[in-house]
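Heads up, model-v8.txt below (compact mmCIF, C-alpha atoms):
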# COMPACT_ATOMS: atom_id res chain seq x y z
CA MET T 1 26.89 31.19 128.79
CA ARG T 2 26.94 30.97 132.57
CA LEU T 3 29.95 29.15 133.97
CA THR T 4 28.67 26.19 136.01
CA PRO T 5 30.83 23.70 137.97
CA ALA T 6 29.96 21.07 135.34
CA VAL T 7 31.55 23.13 132.53
CA ALA T 8 34.65 23.86 134.62
CA GLY T 9 34.99 20.17 135.51
CA LEU T 10 34.71 19.13 131.85
CA THR T 11 37.39 21.60 130.70
CA VAL T 12 39.86 20.81 133.44
CA GLY T 13 39.40 17.04 133.27
CA PHE T 14 40.09 17.03 129.54
CA GLY T 15 43.05 19.34 130.12
CA ALA T 16 44.54 16.91 132.65
CA ALA T 17 44.41 14.08 130.10
CA LEU T 18 45.93 16.38 127.46
CA LEU T 19 48.82 17.29 129.76
CA GLN T 20 49.79 13.67 130.31
CA ALA T 21 49.43 12.81 126.63
CA PHE T 22 51.46 15.58 124.99
CA PHE T 23 53.27 17.67 127.62
CA GLY T 24 55.31 15.03 129.41
CA VAL T 25 53.77 15.31 132.89
CA LEU T 26 54.83 11.70 133.49
CA PRO T 27 55.83 9.56 135.47
CA PRO T 28 53.80 8.83 137.58
CA PRO T 29 50.70 8.45 135.39
CA ALA T 30 47.50 10.42 136.07
CA TYR T 31 49.51 13.37 137.42
CA GLY T 32 48.05 16.18 135.32
CA ILE T 33 46.32 17.84 138.25
CA CYS T 34 46.83 17.31 141.95
CA ILE T 35 46.80 19.90 144.68
CA ALA T 36 48.48 17.95 147.49
CA CYS T 37 51.12 16.18 145.37
CA HIS T 38 52.08 19.29 143.41
CA MET T 39 52.31 21.31 146.63
CA ARG T 40 54.49 18.56 148.08
CA ASP T 41 56.77 18.64 145.01
CA LEU T 42 57.04 22.43 145.09
CA VAL T 43 57.82 22.59 148.83
CA ASN T 44 60.35 19.75 148.66
CA TRP T 45 62.05 21.20 145.59
CA VAL T 46 62.44 24.61 147.18
CA LEU T 47 63.63 23.19 150.52
CA ALA T 48 66.08 20.81 148.86
CA HIS T 49 67.59 23.69 146.90
CA ILE T 50 67.89 25.94 149.96
CA TYR T 51 69.08 23.19 152.33
CA PRO T 52 70.64 20.43 150.19
CA ILE T 53 70.74 18.12 153.22
CA TYR T 54 66.92 18.06 153.23
CA GLY T 55 66.77 16.16 149.93
CA LEU T 56 69.15 13.38 150.92
CA VAL T 57 67.34 10.08 150.41
CA LYS T 58 69.52 7.05 151.19
CA GLY T 59 72.70 8.99 150.54
CA SER T 60 71.86 10.32 147.07
CA PRO T 61 70.68 13.90 146.53
CA LYS T 62 67.12 13.25 145.32
CA ILE T 63 63.96 15.25 145.91
CA PRO T 64 61.31 13.32 147.82
CA GLY T 65 58.46 13.52 145.32
CA ALA T 66 57.43 12.62 141.82
CA PRO T 67 60.16 11.94 139.20
CA VAL T 68 58.63 14.56 136.86
CA SER T 69 59.65 17.42 139.16
CA HIS T 70 63.29 16.50 139.76
CA TYR T 71 64.58 19.04 137.26
CA MET T 72 61.86 21.69 137.71
CA PRO T 73 58.84 21.43 140.02
CA VAL T 74 55.29 21.35 138.68
CA LEU T 75 53.74 24.79 139.18
CA THR T 76 49.99 24.10 139.38
CA ILE T 77 49.73 25.78 142.79
CA VAL T 78 51.26 29.03 141.52
CA GLY T 79 48.97 28.91 138.48
CA ILE T 80 45.87 28.42 140.61
CA LEU T 81 46.76 31.30 142.92
CA ILE T 82 47.45 33.66 139.98
CA GLY T 83 44.35 32.57 138.04
CA ALA T 84 42.01 32.85 141.01
CA THR T 85 43.45 36.26 141.96
CA VAL T 86 42.95 37.53 138.41
CA ALA T 87 39.37 36.21 138.34
CA ALA T 88 38.54 37.64 141.78
CA ARG T 89 40.06 41.08 141.02
CA ALA T 90 38.46 41.28 137.58
CA HIS T 91 34.98 40.63 138.99
CA GLY T 92 35.38 42.68 142.15
CA GLU T 93 35.16 39.75 144.57
CA PHE T 94 38.51 40.32 146.30
CA ARG T 95 38.40 41.51 149.89
CA TRP T 96 40.27 40.59 153.06
CA LYS T 97 38.11 38.51 155.37
CA VAL T 98 38.25 35.93 158.16
CA MET T 99 35.79 33.05 158.53
CA ARG T 100 33.54 33.73 161.52
CA VAL T 101 32.76 30.07 162.30
CA GLY T 102 34.61 28.86 165.39
CA TRP T 103 36.39 25.92 163.78
CA GLN T 104 37.40 27.93 160.71
CA ARG T 105 39.42 30.65 162.49
CA PRO T 106 42.92 30.93 161.01
CA TRP T 107 44.79 28.97 163.70
CA THR T 108 42.35 26.07 163.69
CA GLU T 109 42.40 26.08 159.91
CA PHE T 110 46.20 25.72 160.03
CA PHE T 111 45.83 22.34 161.74
CA TRP T 112 43.08 21.23 159.34
CA GLY T 113 45.59 21.98 156.57
CA VAL T 114 48.26 19.80 158.21
CA GLY T 115 45.74 16.96 158.71
CA VAL T 116 44.37 17.09 155.15
CA MET T 117 47.88 17.17 153.66
CA ILE T 118 49.08 14.17 155.67
CA CYS T 119 45.95 12.10 154.95
CA ALA T 120 46.02 13.04 151.24
CA LEU T 121 49.66 12.00 150.89
CA ILE T 122 48.98 8.74 152.74
CA MET T 123 46.27 8.02 150.16
CA GLY T 124 48.48 9.19 147.28
CA GLY T 125 46.52 12.22 146.11
CA CYS T 126 44.06 14.95 147.02
CA PRO T 127 40.36 14.58 146.02
CA VAL T 128 41.17 16.01 142.57
CA ARG T 129 43.86 13.47 141.79
CA THR T 130 41.82 10.64 143.30
CA ALA T 131 39.07 11.51 140.80
CA LEU T 132 41.69 11.63 138.02
CA LYS T 133 43.05 8.22 139.07
CA THR T 134 39.51 6.86 139.10
CA ALA T 135 39.13 8.08 135.50
CA TYR T 136 42.43 6.26 134.79
CA LEU T 137 40.58 3.11 136.00
CA ASP T 138 42.65 2.55 139.14
CA LEU T 139 40.44 0.42 141.41
CA THR T 140 42.17 1.39 144.67
CA ALA T 141 41.54 5.07 143.89
CA LEU T 142 37.85 4.27 143.32
CA ILE T 143 37.73 2.82 146.84
CA GLY T 144 39.57 5.90 148.08
CA LEU T 145 36.92 8.13 146.49
CA VAL T 146 34.16 6.14 148.19
CA MET T 147 36.00 6.46 151.52
CA ILE T 148 36.29 10.24 151.02
CA PHE T 149 32.52 10.28 150.61
CA VAL T 150 32.10 8.27 153.82
CA GLY T 151 34.47 10.66 155.61
CA VAL T 152 32.41 13.62 154.37
CA ALA T 153 29.21 11.97 155.66
CA VAL T 154 30.81 11.43 159.10
CA GLY T 155 32.09 15.00 159.12
CA CYS T 156 28.60 16.30 158.28
CA GLN T 157 27.16 14.46 161.30
CA VAL T 158 29.82 16.08 163.51
CA LEU T 159 29.04 19.49 161.99
CA LYS T 160 25.33 19.03 162.77
CA LYS T 161 26.24 18.16 166.40
CA ILE T 162 28.53 21.13 167.09
CA SER T 163 26.68 23.86 165.15
CA MET F 1 62.62 20.59 127.02
CA LYS F 2 62.88 19.63 130.67
CA ALA F 3 60.92 22.73 131.66
CA LEU F 4 57.89 21.76 129.56
CA PRO F 5 55.93 20.01 132.38
CA ALA F 6 56.42 23.04 134.65
CA ILE F 7 55.14 25.49 131.99
CA ALA F 8 52.24 23.23 131.00
CA THR F 9 51.08 22.73 134.60
CA LEU F 10 51.40 26.49 135.20
CA CYS F 11 49.04 27.16 132.26
CA LEU F 12 46.54 24.48 133.32
CA GLY F 13 46.73 25.75 136.89
CA PHE F 14 45.91 29.27 135.71
CA MET F 15 42.89 27.93 133.80
CA LEU F 16 41.81 25.83 136.77
CA GLY F 17 42.11 28.78 139.12
CA TYR F 18 40.16 31.11 136.84
CA LEU F 19 37.36 28.64 136.04
CA GLY F 20 37.26 27.37 139.63
CA GLN F 21 36.86 30.89 141.01
CA ARG F 22 34.08 31.77 138.56
CA ALA F 23 32.21 28.47 138.97
CA ARG F 24 32.96 27.91 142.69
CA LEU F 25 34.08 24.40 141.83
CA CYS F 26 34.57 22.24 144.96
CA PHE F 27 34.59 18.45 145.08
CA ILE F 28 34.21 18.01 148.85
CA GLY F 29 31.63 20.83 148.90
CA GLY F 30 29.62 18.93 146.29
CA MET F 31 29.56 15.77 148.40
CA ARG F 32 28.72 17.81 151.52
CA ASP F 33 25.81 19.59 149.82
CA TRP F 34 24.48 16.27 148.59
CA VAL F 35 24.73 14.66 152.04
CA LEU F 36 23.18 17.63 153.87
CA VAL F 37 20.50 18.98 151.49
CA ARG F 38 20.57 16.64 148.42
CA ASP F 39 21.74 19.53 146.20
CA THR F 40 23.47 18.30 143.00
CA HIS F 41 24.73 21.63 141.61
CA LEU F 42 28.34 21.26 142.82
CA ILE F 43 28.71 17.47 142.65
CA LYS F 44 28.05 17.67 138.89
CA GLY F 45 31.54 19.20 138.70
CA LEU F 46 33.07 16.03 140.17
CA PHE F 47 31.23 13.70 137.80
CA SER F 48 31.89 15.82 134.73
CA PHE F 49 35.58 15.97 135.72
CA ILE F 50 35.78 12.17 135.89
CA ILE F 51 33.86 11.70 132.63
CA ALA F 52 35.93 14.29 130.71
CA ALA F 53 39.21 12.86 131.99
CA PHE F 54 38.07 9.33 131.06
CA VAL F 55 37.06 10.39 127.55
CA GLY F 56 40.34 12.29 127.17
CA PHE F 57 42.42 9.27 128.24
CA LEU F 58 40.36 7.04 125.92
CA ILE F 59 40.96 9.29 122.88
CA PHE F 60 44.67 9.91 123.57
CA TYR F 61 45.25 6.21 124.26
CA PHE F 62 45.15 5.69 120.49
CA ILE F 63 47.26 8.77 119.68
CA SER F 64 49.97 9.22 122.30
CA PRO F 65 52.46 6.63 123.63
CA ALA F 66 52.40 8.40 127.04
CA ILE F 67 48.95 6.88 127.78
CA LYS F 68 49.91 3.28 127.03
CA THR F 69 49.17 2.21 130.64
CA PHE F 70 45.64 3.62 130.40
CA PRO F 71 43.24 1.02 131.78
CA TRP F 72 45.46 0.81 134.87
CA PHE F 73 43.97 -2.42 136.21
CA LEU F 74 44.76 -4.09 132.86
CA ASN F 75 47.99 -2.46 131.63
CA GLY F 76 49.48 -0.97 134.80
CA GLY F 77 51.07 -4.26 135.85
CA VAL F 78 53.77 -3.82 133.20
CA VAL F 79 55.18 -0.84 135.11
CA PHE F 80 55.35 -2.82 138.35
CA ALA F 81 56.87 -5.90 136.66
CA LYS F 82 59.63 -3.79 135.08
CA LYS F 83 60.44 -1.97 138.35
CA TRP F 84 60.39 -5.17 140.40
CA ALA F 85 62.72 -6.91 137.93
CA ALA F 86 65.16 -4.01 138.41
CA MET F 87 64.79 -4.37 142.22
CA GLY F 88 65.24 -8.15 142.07
CA MET F 89 61.72 -9.09 143.19
CA LYS F 90 59.77 -11.98 141.71
CA GLU F 91 56.06 -11.29 142.48
CA SER F 92 53.41 -11.08 139.75
CA PRO F 93 51.43 -7.78 139.82
CA SER F 94 47.84 -7.76 141.09
CA PHE F 95 45.16 -5.75 139.25
CA MET F 96 44.30 -3.92 142.50
CA LEU F 97 47.70 -2.14 142.76
CA PRO F 98 47.29 1.67 142.61
CA VAL F 99 49.04 4.28 140.47
CA PRO F 100 52.40 5.10 142.17
CA GLY F 101 52.12 7.93 144.67
CA ASP F 102 51.51 6.62 148.18
CA PRO F 103 54.42 6.07 150.62
CA ILE F 104 54.80 2.32 149.89
CA THR F 105 54.63 2.75 146.09
CA TRP F 106 56.49 -0.40 145.03
CA SER F 107 55.07 -2.76 147.67
CA PRO F 108 53.60 -5.91 146.02
CA ASN F 109 50.88 -6.27 148.68
CA PRO F 110 47.54 -4.80 147.44
CA GLY F 111 46.02 -5.11 150.93
CA ALA F 112 48.49 -2.59 152.35
CA HIS F 113 47.71 -0.10 149.57
CA LEU F 114 44.00 -0.61 150.20
CA LEU F 115 44.46 0.04 153.93
CA LEU F 116 46.27 3.31 153.18
CA ALA F 117 43.52 4.36 150.74
CA VAL F 118 40.82 3.70 153.36
CA ILE F 119 42.65 5.55 156.17
CA GLY F 120 43.68 8.46 153.94
CA GLY F 121 40.26 8.76 152.31
CA LEU F 122 38.41 8.89 155.63
CA GLY F 123 40.87 11.48 156.96
CA VAL F 124 40.71 13.68 153.85
CA GLY F 125 36.90 13.67 153.82
CA PHE F 126 36.56 14.37 157.54
CA PHE F 127 39.17 17.15 157.82
CA SER F 128 38.10 18.80 154.56
CA VAL F 129 34.48 19.08 155.68
CA LEU F 130 35.59 20.72 158.93
CA ALA F 131 37.91 23.05 157.02
CA GLY F 132 35.03 24.06 154.75
CA GLY F 133 36.16 22.92 151.30
CA CYS F 134 38.55 20.70 149.38
CA PRO F 135 42.23 21.76 149.11
CA PHE F 136 41.59 23.31 145.70
CA ARG F 137 38.71 25.46 146.98
CA GLN F 138 40.90 26.64 149.88
CA HIS F 139 43.54 27.87 147.42
CA VAL F 140 40.88 29.78 145.47
CA MET F 141 39.51 31.29 148.71
CA ALA F 142 43.04 32.32 149.72
CA ALA F 143 43.32 34.17 146.40
CA GLU F 144 39.98 35.84 147.21
CA GLY F 145 41.51 37.21 150.39
CA SER F 146 40.37 34.83 153.14
CA ARG F 147 42.92 34.80 155.97
CA SER F 148 41.63 31.41 157.19
CA ALA F 149 42.44 29.88 153.81
CA ILE F 150 45.93 31.43 153.82
CA ALA F 151 46.56 29.79 157.21
CA TYR F 152 45.25 26.55 155.69
CA ILE F 153 47.80 26.76 152.86
CA LEU F 154 50.64 27.35 155.34
CA GLY F 155 49.48 24.25 157.22
CA PHE F 156 49.38 22.43 153.90
CA ALA F 157 53.04 23.20 153.21
CA VAL F 158 54.08 22.30 156.77
CA GLY F 159 52.10 19.05 156.47
CA ALA F 160 54.17 18.02 153.43
CA VAL F 161 57.41 18.42 155.38
CA ILE F 162 56.00 16.55 158.40
CA PHE F 163 54.81 13.76 156.10
CA HIS F 164 58.20 13.22 154.48
CA LYS F 165 60.20 13.48 157.69
CA VAL F 166 57.90 11.58 160.10
CA ILE F 167 54.86 9.84 158.62
CA ALA F 168 56.34 8.23 155.50
CA PRO F 169 59.21 6.44 157.33
CA LEU F 170 56.68 5.36 159.98
CA VAL F 171 54.27 3.91 157.39
CA LYS F 172 57.12 2.14 155.65
CA ALA F 173 58.39 0.69 158.93
CA ILE F 174 54.91 -0.62 159.80
CA LEU F 175 53.76 -1.95 156.44
CA LEU F 176 56.96 -3.16 154.73
What is this structure when it is put down as structure tokens?
Amino acid sequence: MRLTPAVAGLTVGFGAALLQAFFGVLPPPAYGICIACHMRDLVNWVLAHIYPIYGLVKGSPKIPGAPVSHYMPVLTIVGILIGATVAARAHGEFRWKVMRVGWQRPWTEFFWGVGVMICALIMGGCPVRTALKTAYLDLTALIGLVMIFVGVAVGCQVLKKIS
Amino acid sequence: MKALPAIATLCLGFMLGYLGQRARLCFIGGMRDWVLVRDTHLIKGLFSFIIAAFVGFLIFYFISPAIKTFPWFLNGGVVFAKKWAAMGMKESPSFMLPVPGDPITWSPNPGAHLLLAVIGGLGVGFFSVLAGGCPFRQHVMAAEGSRSAIAYILGFAVGAVIFHKVIAPLVKAILL
């Protein structure tokens, strides 16, 4: 069977529900998969353990992030990097490269990363978690998903202009 | 068993990375392809993700006590009421309040949450299209050896620190 995005989405979506139900990835709810939030938890956990002063919130040593990762951070990011590396190496798709498009050179891309992270944390989740929250029937997240779509449409118009 | 969430998310992350690399799963890319050329190959991943997660929550709602807040706009208010009672606040929860996660998590004002969702959503969509893929796709591309995507991930980590040191206090000062 050929692996289509639809199959991957089905597997991972069901896995996210499974994680919240039986593996204690809670609170907050609908936290099974998120790229931005889990990255935030990982970075804050590491920084707070290297520089304890970083984690001081209102005088008590507490990691800024989700309650689930106070003892140990959620490791989705590490898992994704390992899994994708294994898949790419196993199928011979790994090679060093740089995007040739002007606005996707490494230094520009660095600032896109900062912008996406800040906007995603303002909204309370990256596109993946917004979709998961929508499946959890959170109406604000549904509006967030629609606004992501609007943002993509605006971005496409800009892309057409500059390319 | 405090390490269980970490191990479980590591396993799911491995699966997500492997499947995502093979299938080229990308949520923003799906929306972009639909807007530009009306291609539905990638956006099917987004819809199947939502449907599978919904069905999963629906099934486990009857099995596991961890999903007892499942239809969030119906049962989520309990969480807010309990927290607000502990904080000494007397508002009654609105059905529009989101799942905790944004900088003003326990604010009783749904309008402020909505404003954050609109601003954040527009920003995420716009920047992600320019960057060439959703955050998840960038991680997969970094594992495939793209130096642009590795720079993106570094920016991602720096963005988290900037958010917690600058943006979150600013948002709280404005909206609370």
Inset, instruction - Do me a favour and pick out the residues of chain F within 6 Å of chain T, using only C-alpha atoms, as a count of residues only. - result: 59
Inset, instruction - Mind giving me the straight-line distance from CA of Met141 (chain F) to CA of Met15 (chain F) in Å, one decimal? - result: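 Taking CA of Met141 (chain F) as the start and CA of Met15 (chain F) as the end point, the length is 15.7 Å.
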Inset, instruction - Have a look at CA of Val158 (chain F) and CA of Leu46 (chain F) and let me know their distance in Å, one decimal. - result: 27.5 Å
Inset, instruction - Rank nothing, just name the residue among F:Leu115, F:Val79, F:Ile43, F:Val166 nearest to Pro100 (chain F), using all atoms listed in the file. - result: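 Of F:Leu115, F:Val79, F:Ile43, F:Val166, the one nearest Pro100 (chain F) is F:Val79, counting all atoms listed in the file.
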Legend entry - CA of Pro135 (chain F) to CA of Gly20 (chain F), distance in Å rounded to a single decimal: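 Computing the Euclidean distance for CA of Pro135 (chain F) and CA of Gly20 (chain F) yields 12.1 Å.
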Give the centre and edge lengths of an axis-aligned box, in Å to one decimal, that holds all listed atoms of region 127-145 of chain F with 6 Å on each side, as AutoDock Vina command-line options.
--center_x 39.0 --center_y 27.2 --center_z 152.2 --size_x 21.1 --size_y 32.1 --size_z 25.5
